[in-house]
$ cat final-v6.cif   # mmCIF, C-alpha atoms and all ligand atoms
data_coords
loop_
_atom_site.label_atom_id
_atom_site.label_comp_id
_atom_site.auth_asym_id
_atom_site.auth_seq_id
_atom_site.Cartn_x
_atom_site.Cartn_y
_atom_site.Cartn_z
CA MET A 19 170.25 -3.36 70.48
CA ALA A 20 168.30 -2.51 67.37
CA ARG A 21 166.26 -5.27 65.83
CA ARG A 22 167.14 -6.25 62.25
CA LYS A 23 164.35 -5.76 59.75
CA VAL A 24 163.01 -8.92 58.14
CA VAL A 25 161.07 -8.99 54.90
CA ALA A 26 159.44 -12.29 53.98
CA GLY A 27 157.53 -13.23 50.87
CA ASN A 28 154.57 -15.53 51.30
CA TRP A 29 154.11 -17.01 47.86
CA LYS A 30 150.85 -18.75 48.88
CA MET A 31 149.65 -21.29 46.25
CA ASN A 32 151.57 -19.68 43.41
CA MET A 33 154.57 -20.71 41.29
CA THR A 34 155.25 -24.14 39.83
CA PRO A 35 158.77 -25.43 40.49
CA SER A 36 160.04 -24.10 37.17
CA GLU A 37 158.33 -20.74 37.66
CA ALA A 38 159.79 -20.61 41.17
CA LYS A 39 163.34 -21.05 39.87
CA ALA A 40 162.79 -18.31 37.29
CA LEU A 41 161.38 -15.93 39.94
CA VAL A 42 164.38 -16.49 42.22
CA GLU A 43 166.70 -15.65 39.31
CA THR A 44 164.74 -12.49 38.45
CA LEU A 45 164.79 -11.33 42.07
CA LYS A 46 168.44 -12.19 42.72
CA PRO A 47 170.01 -8.82 41.88
CA LEU A 48 167.03 -6.93 43.34
CA VAL A 49 166.89 -8.36 46.87
CA GLU A 50 170.53 -7.94 47.85
CA SER A 51 170.69 -6.16 51.19
CA ASN A 52 173.12 -5.91 54.06
CA ASP A 53 170.72 -4.76 56.70
CA VAL A 54 167.47 -6.59 55.95
CA ASP A 55 166.90 -10.35 56.33
CA VAL A 56 165.08 -11.79 53.32
CA ILE A 57 162.99 -14.97 53.42
CA TYR A 58 161.00 -16.75 50.71
CA CYS A 59 158.16 -18.84 52.13
CA VAL A 60 157.18 -21.10 49.28
CA PRO A 61 154.81 -23.98 48.46
CA ALA A 62 156.12 -27.35 49.67
CA ILE A 63 156.91 -28.58 46.17
CA ASP A 64 159.05 -25.49 45.51
CA ILE A 65 161.20 -25.81 48.63
CA VAL A 66 163.91 -28.04 47.13
CA PRO A 67 164.36 -26.07 43.89
CA VAL A 68 164.21 -22.71 45.70
CA VAL A 69 166.79 -23.78 48.32
CA GLU A 70 169.01 -24.77 45.41
CA ALA A 71 168.33 -21.55 43.51
CA VAL A 72 169.14 -19.21 46.43
CA LYS A 73 172.53 -20.85 47.11
CA GLY A 74 175.24 -18.21 47.24
CA THR A 75 172.79 -15.49 48.32
CA LYS A 76 171.72 -14.43 51.81
CA VAL A 77 168.09 -15.34 51.18
CA GLU A 78 166.65 -17.98 53.53
CA VAL A 79 163.79 -20.32 52.71
CA GLY A 80 160.67 -21.08 54.71
CA ALA A 81 157.59 -23.26 54.39
CA GLU A 82 154.01 -22.00 54.41
CA ASN A 83 152.74 -24.72 56.72
CA MET A 84 153.68 -27.98 58.43
CA TYR A 85 152.12 -30.81 60.40
CA ILE A 86 152.78 -31.66 64.05
CA GLU A 87 154.17 -35.20 63.65
CA GLU A 88 157.53 -36.41 62.35
CA LYS A 89 156.14 -39.19 60.17
CA GLY A 90 153.34 -41.65 59.71
CA ALA A 91 149.90 -42.08 58.23
CA PHE A 92 148.99 -38.43 57.61
CA THR A 93 148.34 -38.43 53.88
CA GLY A 94 149.16 -35.16 52.22
CA GLU A 95 150.93 -33.56 55.17
CA ILE A 96 154.55 -32.47 55.49
CA SER A 97 156.65 -32.90 58.63
CA PRO A 98 159.01 -30.46 60.35
CA ASN A 99 161.99 -32.77 59.83
CA MET A 100 161.21 -32.97 56.11
CA LEU A 101 161.35 -29.18 56.04
CA THR A 102 164.67 -28.88 57.88
CA ASP A 103 166.23 -31.69 55.84
CA ALA A 104 165.23 -29.84 52.67
CA GLY A 105 166.90 -26.65 53.92
CA CYS A 106 164.04 -24.65 55.43
CA LYS A 107 164.86 -22.33 58.31
CA TYR A 108 161.40 -20.79 58.83
CA VAL A 109 157.77 -21.86 58.77
CA ILE A 110 154.64 -19.74 58.60
CA ILE A 111 152.16 -20.86 61.25
CA GLY A 112 148.56 -19.77 61.59
CA HIS A 113 148.13 -17.72 58.45
CA SER A 114 144.55 -16.43 58.35
CA GLU A 115 143.94 -18.51 55.22
CA ARG A 116 144.86 -21.65 57.16
CA ARG A 117 142.67 -20.57 60.06
CA GLN A 118 139.75 -19.72 57.80
CA TYR A 119 139.79 -22.35 55.04
CA PHE A 120 141.39 -25.23 56.91
CA LYS A 121 139.85 -24.56 60.31
CA GLU A 122 143.14 -24.44 62.19
CA ASP A 123 142.44 -23.22 65.72
CA ASP A 124 144.74 -21.75 68.36
CA ALA A 125 145.13 -25.03 70.27
CA PHE A 126 146.38 -26.75 67.10
CA LEU A 127 148.55 -23.78 66.14
CA ASN A 128 150.14 -23.81 69.59
CA LYS A 129 151.17 -27.44 68.95
CA LYS A 130 152.65 -26.40 65.61
CA VAL A 131 154.65 -23.58 67.20
CA LEU A 132 156.10 -25.94 69.81
CA LYS A 133 156.87 -28.58 67.18
CA ALA A 134 158.60 -26.06 64.94
CA PHE A 135 160.89 -25.01 67.81
CA GLU A 136 161.58 -28.65 68.67
CA HIS A 137 163.02 -29.03 65.17
CA GLY A 138 164.92 -25.76 65.08
CA LEU A 139 162.52 -24.05 62.70
CA VAL A 140 161.74 -20.40 63.37
CA PRO A 141 157.97 -19.86 63.39
CA ILE A 142 156.47 -16.85 61.64
CA LEU A 143 153.28 -16.81 63.68
CA CYS A 144 150.40 -14.90 62.07
CA CYS A 145 147.58 -13.12 63.85
CA GLY A 146 144.97 -10.61 62.79
CA GLU A 147 141.40 -9.44 63.08
CA THR A 148 138.46 -9.41 60.69
CA LEU A 149 136.82 -6.18 59.56
CA GLU A 150 133.85 -6.95 61.82
CA GLN A 151 136.15 -7.30 64.82
CA ARG A 152 137.91 -4.03 64.00
CA GLU A 153 134.61 -2.22 63.66
CA ALA A 154 133.38 -3.72 66.92
CA GLY A 155 136.49 -2.37 68.68
CA VAL A 156 137.77 -5.77 69.82
CA THR A 157 140.96 -5.91 67.72
CA LEU A 158 143.50 -5.64 70.55
CA ASP A 159 141.64 -8.08 72.82
CA TRP A 160 141.36 -10.59 69.99
CA ILE A 161 145.02 -10.42 69.06
CA ASN A 162 146.09 -10.59 72.68
CA LEU A 163 144.09 -13.80 72.98
CA GLN A 164 145.54 -15.30 69.78
CA ILE A 165 149.13 -14.60 70.87
CA LYS A 166 148.62 -15.87 74.43
CA SER A 167 147.03 -19.09 73.18
CA ASP A 168 149.53 -19.73 70.40
CA LEU A 169 152.60 -19.15 72.61
CA GLN A 170 151.66 -21.41 75.51
CA GLY A 171 154.65 -23.44 76.67
CA VAL A 172 157.13 -21.44 74.58
CA THR A 173 160.30 -20.41 76.44
CA LYS A 174 161.45 -16.81 76.46
CA GLU A 175 164.59 -17.70 74.50
CA GLN A 176 162.39 -19.29 71.83
CA ALA A 177 160.03 -16.32 71.79
CA ALA A 178 162.93 -13.88 71.43
CA SER A 179 164.08 -15.71 68.30
CA MET A 180 160.74 -15.91 66.52
CA ILE A 181 158.69 -13.66 64.28
CA ILE A 182 155.09 -12.60 64.71
CA ALA A 183 153.24 -11.25 61.68
CA TYR A 184 150.30 -8.94 62.27
CA GLU A 185 148.03 -9.38 59.28
CA PRO A 186 144.62 -7.71 59.46
CA ILE A 187 142.37 -9.98 57.41
CA TRP A 188 140.64 -7.02 55.76
CA ALA A 189 143.98 -5.87 54.35
CA ILE A 190 145.05 -9.19 52.84
CA GLY A 191 144.86 -9.28 49.06
CA THR A 192 142.47 -6.34 49.04
CA GLY A 193 144.90 -3.59 48.04
CA LYS A 194 143.76 -1.85 51.22
CA THR A 195 146.90 -1.49 53.36
CA ALA A 196 146.40 -0.65 57.03
CA THR A 197 147.64 2.86 57.79
CA SER A 198 151.02 3.03 59.48
CA GLU A 199 149.30 4.24 62.64
CA GLN A 200 146.84 1.31 62.66
CA ALA A 201 149.64 -1.20 62.06
CA GLN A 202 151.91 0.40 64.65
CA GLU A 203 149.15 0.41 67.27
CA VAL A 204 148.62 -3.34 66.97
CA CYS A 205 152.31 -4.25 66.64
CA CYS A 206 153.01 -2.21 69.79
CA ALA A 207 150.17 -4.03 71.57
CA ILE A 208 151.62 -7.39 70.48
CA ARG A 209 154.98 -6.39 71.94
CA LYS A 210 153.24 -5.50 75.22
CA THR A 211 151.50 -8.87 75.22
CA VAL A 212 154.86 -10.59 74.73
CA ALA A 213 156.33 -8.50 77.57
CA GLY A 214 153.41 -9.60 79.75
CA ILE A 215 153.89 -13.30 78.99
CA PHE A 216 157.69 -13.22 79.24
CA ASP A 217 159.54 -9.96 80.02
CA THR A 218 160.55 -6.68 78.38
CA ASP A 219 163.88 -8.08 77.21
CA THR A 220 162.08 -10.79 75.20
CA ALA A 221 159.61 -8.23 73.88
CA GLU A 222 162.47 -6.02 72.71
CA LYS A 223 164.03 -8.93 70.82
CA ILE A 224 161.03 -10.53 69.11
CA ARG A 225 160.48 -9.31 65.56
CA ILE A 226 157.00 -8.22 64.55
CA GLN A 227 156.05 -7.85 60.89
CA TYR A 228 153.10 -6.19 59.28
CA GLY A 229 151.35 -7.98 56.40
CA GLY A 230 148.39 -7.02 54.22
CA SER A 231 148.78 -5.42 50.79
CA VAL A 232 152.32 -4.25 51.48
CA ASN A 233 153.76 -2.73 48.31
CA ALA A 234 156.76 -0.68 47.24
CA LYS A 235 154.88 2.55 48.01
CA THR A 236 153.57 1.65 51.48
CA ALA A 237 156.61 -0.28 52.79
CA PRO A 238 158.90 2.67 53.66
CA GLU A 239 156.46 4.35 56.04
CA LEU A 240 155.20 1.09 57.57
CA PHE A 241 158.70 -0.27 58.18
CA SER A 242 159.86 2.97 59.77
CA MET A 243 157.34 2.65 62.60
CA PRO A 244 159.03 1.82 65.93
CA ASP A 245 157.33 -1.56 66.51
CA ILE A 246 157.20 -2.77 62.90
CA ASP A 247 160.26 -4.83 62.07
CA GLY A 248 159.49 -5.55 58.43
CA GLY A 249 156.75 -7.22 56.45
CA LEU A 250 155.12 -10.43 55.33
CA VAL A 251 154.36 -9.80 51.69
CA GLY A 252 151.89 -11.72 49.52
CA GLY A 253 151.11 -10.52 46.01
CA ALA A 254 154.03 -8.13 45.70
CA ALA A 255 156.49 -10.91 46.61
CA LEU A 256 155.91 -12.47 43.19
CA LYS A 257 157.07 -9.39 41.32
CA PRO A 258 160.22 -7.30 40.96
CA ASP A 259 158.50 -4.88 43.38
CA PHE A 260 159.69 -7.24 46.12
CA GLY A 261 163.20 -5.90 45.56
CA GLN A 262 161.96 -2.36 46.18
CA ILE A 263 160.23 -3.51 49.36
CA VAL A 264 163.44 -5.13 50.64
CA ASN A 265 165.36 -1.96 49.78
CA TYR A 266 162.66 0.34 51.15
CA ARG A 267 165.30 2.62 52.66
CA ASN A 268 166.73 3.65 49.27
P1 LIG A 301 148.98 -9.57 50.29
O1 LIG A 301 150.31 -8.87 50.42
O2 LIG A 301 148.76 -10.16 48.93
O3 LIG A 301 147.86 -8.72 50.76
O4 LIG A 301 149.06 -10.84 51.27
C1 LIG A 301 149.45 -10.64 52.57
C2 LIG A 301 149.62 -11.96 53.20
O5 LIG A 301 148.66 -12.67 53.44
C3 LIG A 301 150.99 -12.39 53.51
O6 LIG A 301 151.00 -13.51 54.31
#

$ encode --input "final-v6.cif" --output "structure tokens"
Amino acid sequence: MARRKVVAGNWKMNMTPSEAKALVETLKPLVESNDVDVIYCVPAIDIVPVVEAVKGTKVEVGAENMYIEEKGAFTGEISPNMLTDAGCKYVIIGHSERRQYFKEDDAFLNKKVLKAFEHGLVPILCCGETLEQREAGVTLDWINLQIKSDLQGVTKEQAASMIIAYEPIWAIGTGKTATSEQAQEVCCAIRKTVAGIFDTDTAEKIRIQYGGSVNAKTAPELFSMPDIDGGLVGGAALKPDFGQIVNYRN
């Protein structure tokens, strides 16, 4: 069975609630698609207005982060049940910006993955290497380690339903997209890692995105690679270009 492509926007720390509503309206006619799943991962404060604004469309909404407890004295954090109650279906976990600026490590991210599943949220788990790691030739080992650590305790049914996003750090926000061959090589290796942890059936079902300066020009070739099931899009998700990325086949 062929995997459905999934294109997600990661809005990062952009868009006030009113800007968010306006962006959803602008994108509405542009992101219609029958064969690609579309997700907007938005800042916490935009979740409620964006869920409201996408009503009547096929677009689903995700969060960019979450904490590992349901409630309590964790000032400034947001819980998985808050996200589901607000209408989120997805949550990005382990984005390189969270790993780098907020010191989130694999042990903590593993807890987040498990917690997301516990609440019925689909994790979009990010992984990726630095330029130094790529140049040192340790990319595949590094990513293998990230995936194995982050997926500890996950069942194969859960793994089959989730999304992994391969995002080379050197390609994020730099305008320097990985070549289709580079992205395919790593996404294929991730699928092998998943097959090793679980089985080939699970590996065939899990969806693996590429992220890092995806734009309307680079999306068609990237998304046509056999192990790349769509993209996690940053900058271009805030522009009408996102519609072209969703409709990369046309
Ligand atoms: P850019 O598309 O802006 O490079 O961002 C990629 C990214 O980090 C998506 O999560």

$ residues_near_ligand --input "final-v6.cif" --ligand "ligand LIG 301 (chain A)" --cutoff "10 Å" --atoms "only C-alpha atoms and all ligand atoms" --output "PyMOL selection string"
chain A and resi 26-30+59+82+110+112-115+142+144+183-195+228-233+249-256

$ residues_around --input "final-v6.cif" --residues "region 156-165 of chain A" --least-positions-apart "6" --cutoff "7 Å" --atoms "all atoms listed in the file" --output "PyMOL selection string"
chain A and resi 124+145-147+204+207-208+211

$ closest_residue --input "final-v6.cif" --among "A:Ser198, A:Thr236, A:Glu78, A:Val24" --to "Ile182 (chain A)" --atoms "all atoms listed in the file"
A:Val24

$ atom_distance --input "final-v6.cif" --atom1 "CA of Ile86 (chain A)" --atom2 "CA of Leu139 (chain A)"
12.4 Å

$ atom_distance --input "final-v6.cif" --atom1 "CA of Gly171 (chain A)" --atom2 "CA of Ile215 (chain A)"
10.4 Å

$ residues_near_point --input "final-v6.cif" --point "(154.1, -26.9, 50.4)" --cutoff "12 Å" --atoms "only C-alpha atoms" --output "PyMOL selection string"
chain A and resi 28-35+59-66+68+79-85+94-98+100-101+104+106+109-110

$ residues_around --input "final-v6.cif" --residues "Arg21 (chain A)" --least-positions-apart "4" --cutoff "10 Å" --atoms "all atoms listed in the file" --output "PDB file with C-alpha atoms, keeping the file's coordinate frame"
ATOM      1  CA  GLU A 222     162.470  -6.020  72.710  1.00  0.00           C
ATOM      2  CA  LYS A 223     164.030  -8.930  70.820  1.00  0.00           C
ATOM      3  CA  ILE A 224     161.030 -10.530  69.110  1.00  0.00           C
ATOM      4  CA  ARG A 225     160.480  -9.310  65.560  1.00  0.00           C
ATOM      5  CA  ILE A 226     157.000  -8.220  64.550  1.00  0.00           C
ATOM      6  CA  ASP A 245     157.330  -1.560  66.510  1.00  0.00           C
ATOM      7  CA  ILE A 246     157.200  -2.770  62.900  1.00  0.00           C
ATOM      8  CA  ASP A 247     160.260  -4.830  62.070  1.00  0.00           C
TER       9      ASP A 247
END

$ residues_around --input "final-v6.cif" --residues "region 174-176 of chain A" --least-positions-apart "2" --cutoff "9 Å" --atoms "only C-alpha atoms" --output "list in words"
Phe135, Val140, Val172, Ala178, Ser179, Met180, Ile215, Phe216, Asp217 and Thr220 of chain A

$ atom_distance --input "final-v6.cif" --atom1 "CA of Gly248 (chain A)" --atom2 "CA of Ser167 (chain A)"
23.6 Å

$ closest_atom_pairs --input "final-v6.cif" --of "region 63-174 of chain A" --to "region 39-49 of chain A" --cutoff "8 Å" --atoms "all atoms listed in the file" --output "Markdown table"
| residue | atom | partner | partner_atom | distance |
| --- | --- | --- | --- | --- |
| A:Pro67 | CA | A:Lys39 | CA | 6.5 |
| A:Val68 | CA | A:Lys39 | CA | 6.1 |
| A:Ala71 | CA | A:Lys39 | CA | 6.2 |
| A:Val72 | CA | A:Val42 | CA | 6.9 |
| A:Thr75 | CA | A:Lys46 | CA | 7.8 |

$ decode --input "final-v6.cif" --residues "region 149-234 of chain A" --atoms "C-alpha atoms" --output "short mmCIF file (atom, residue, chain, number, x, y, z; two decimals), in the first residue's frame"
data_model
loop_
_atom_site.label_atom_id
_atom_site.label_comp_id
_atom_site.auth_asym_id
_atom_site.auth_seq_id
_atom_site.Cartn_x
_atom_site.Cartn_y
_atom_site.Cartn_z
CA LEU A 149 27.33 20.33 9.19
CA GLU A 150 30.30 19.17 11.28
CA GLN A 151 28.74 15.74 11.70
CA ARG A 152 28.03 15.48 7.97
CA GLU A 153 31.58 16.45 7.12
CA ALA A 154 32.93 13.97 9.65
CA GLY A 155 30.91 11.20 7.96
CA VAL A 156 28.86 10.30 11.05
CA THR A 157 25.42 11.40 9.78
CA LEU A 158 23.81 7.95 9.53
CA ASP A 159 25.21 6.74 12.86
CA TRP A 160 24.01 9.91 14.59
CA ILE A 161 20.51 9.71 13.19
CA ASN A 162 20.26 6.01 13.93
CA LEU A 163 21.11 6.82 17.54
CA GLN A 164 18.57 9.67 17.75
CA ILE A 165 15.76 7.50 16.38
CA LYS A 166 16.58 4.50 18.57
CA SER A 167 16.71 6.65 21.70
CA ASP A 168 13.58 8.66 20.92
CA LEU A 169 11.45 5.61 20.07
CA GLN A 170 12.21 3.51 23.14
CA GLY A 171 9.05 1.88 24.49
CA VAL A 172 6.97 2.83 21.43
CA THR A 173 4.81 -0.01 20.05
CA LYS A 174 4.95 -0.94 16.40
CA GLU A 175 1.34 0.15 15.88
CA GLN A 176 2.24 3.57 17.30
CA ALA A 177 5.38 3.79 15.19
CA ALA A 178 3.45 2.91 12.03
CA SER A 179 1.10 5.83 12.65
CA MET A 180 3.70 8.50 13.33
CA ILE A 181 5.83 10.84 11.25
CA ILE A 182 9.58 11.29 11.37
CA ALA A 183 11.05 14.45 9.89
CA TYR A 184 14.64 14.37 8.70
CA GLU A 185 15.93 17.91 9.00
CA PRO A 186 19.64 18.44 8.43
CA ILE A 187 20.51 21.40 10.66
CA TRP A 188 22.71 22.96 7.99
CA ALA A 189 19.71 23.15 5.66
CA ILE A 190 17.30 24.82 8.08
CA GLY A 191 16.61 28.45 7.29
CA THR A 192 19.77 28.67 5.22
CA GLY A 193 18.23 28.48 1.74
CA LYS A 194 20.55 25.52 1.22
CA THR A 195 18.26 22.54 0.53
CA ALA A 196 19.81 19.08 0.78
CA THR A 197 20.00 17.43 -2.63
CA SER A 198 17.33 14.85 -3.32
CA GLU A 199 20.01 12.16 -3.19
CA GLN A 200 21.30 13.32 0.22
CA ALA A 201 17.76 13.50 1.63
CA GLN A 202 16.79 10.13 0.14
CA GLU A 203 19.90 8.45 1.54
CA VAL A 204 19.08 9.50 5.10
CA CYS A 205 15.32 8.90 4.85
CA CYS A 206 16.05 5.40 3.53
CA ALA A 207 18.45 4.82 6.43
CA ILE A 208 15.77 5.99 8.89
CA ARG A 209 13.33 3.48 7.39
CA LYS A 210 15.95 0.74 7.84
CA THR A 211 16.43 1.78 11.46
CA VAL A 212 12.67 1.56 12.01
CA ALA A 213 12.64 -1.88 10.35
CA GLY A 214 15.44 -2.92 12.71
CA ILE A 215 13.61 -1.74 15.83
CA PHE A 216 10.20 -3.07 14.77
CA ASP A 217 9.76 -4.87 11.42
CA THR A 218 9.55 -4.14 7.69
CA ASP A 219 5.77 -3.76 7.79
CA THR A 220 6.09 -0.91 10.31
CA ALA A 221 8.91 0.63 8.30
CA GLU A 222 6.75 0.55 5.17
CA LYS A 223 3.94 2.36 6.97
CA ILE A 224 5.79 5.10 8.88
CA ARG A 225 5.91 8.41 7.02
CA ILE A 226 9.24 10.18 6.73
CA GLN A 227 9.43 13.84 5.75
CA TYR A 228 12.33 15.94 4.63
CA GLY A 229 12.71 19.45 6.08
CA GLY A 230 15.26 22.20 5.47
CA SER A 231 14.67 25.07 3.04
CA VAL A 232 11.96 23.21 1.15
CA ASN A 233 10.45 25.55 -1.44
CA ALA A 234 8.13 25.37 -4.44
#
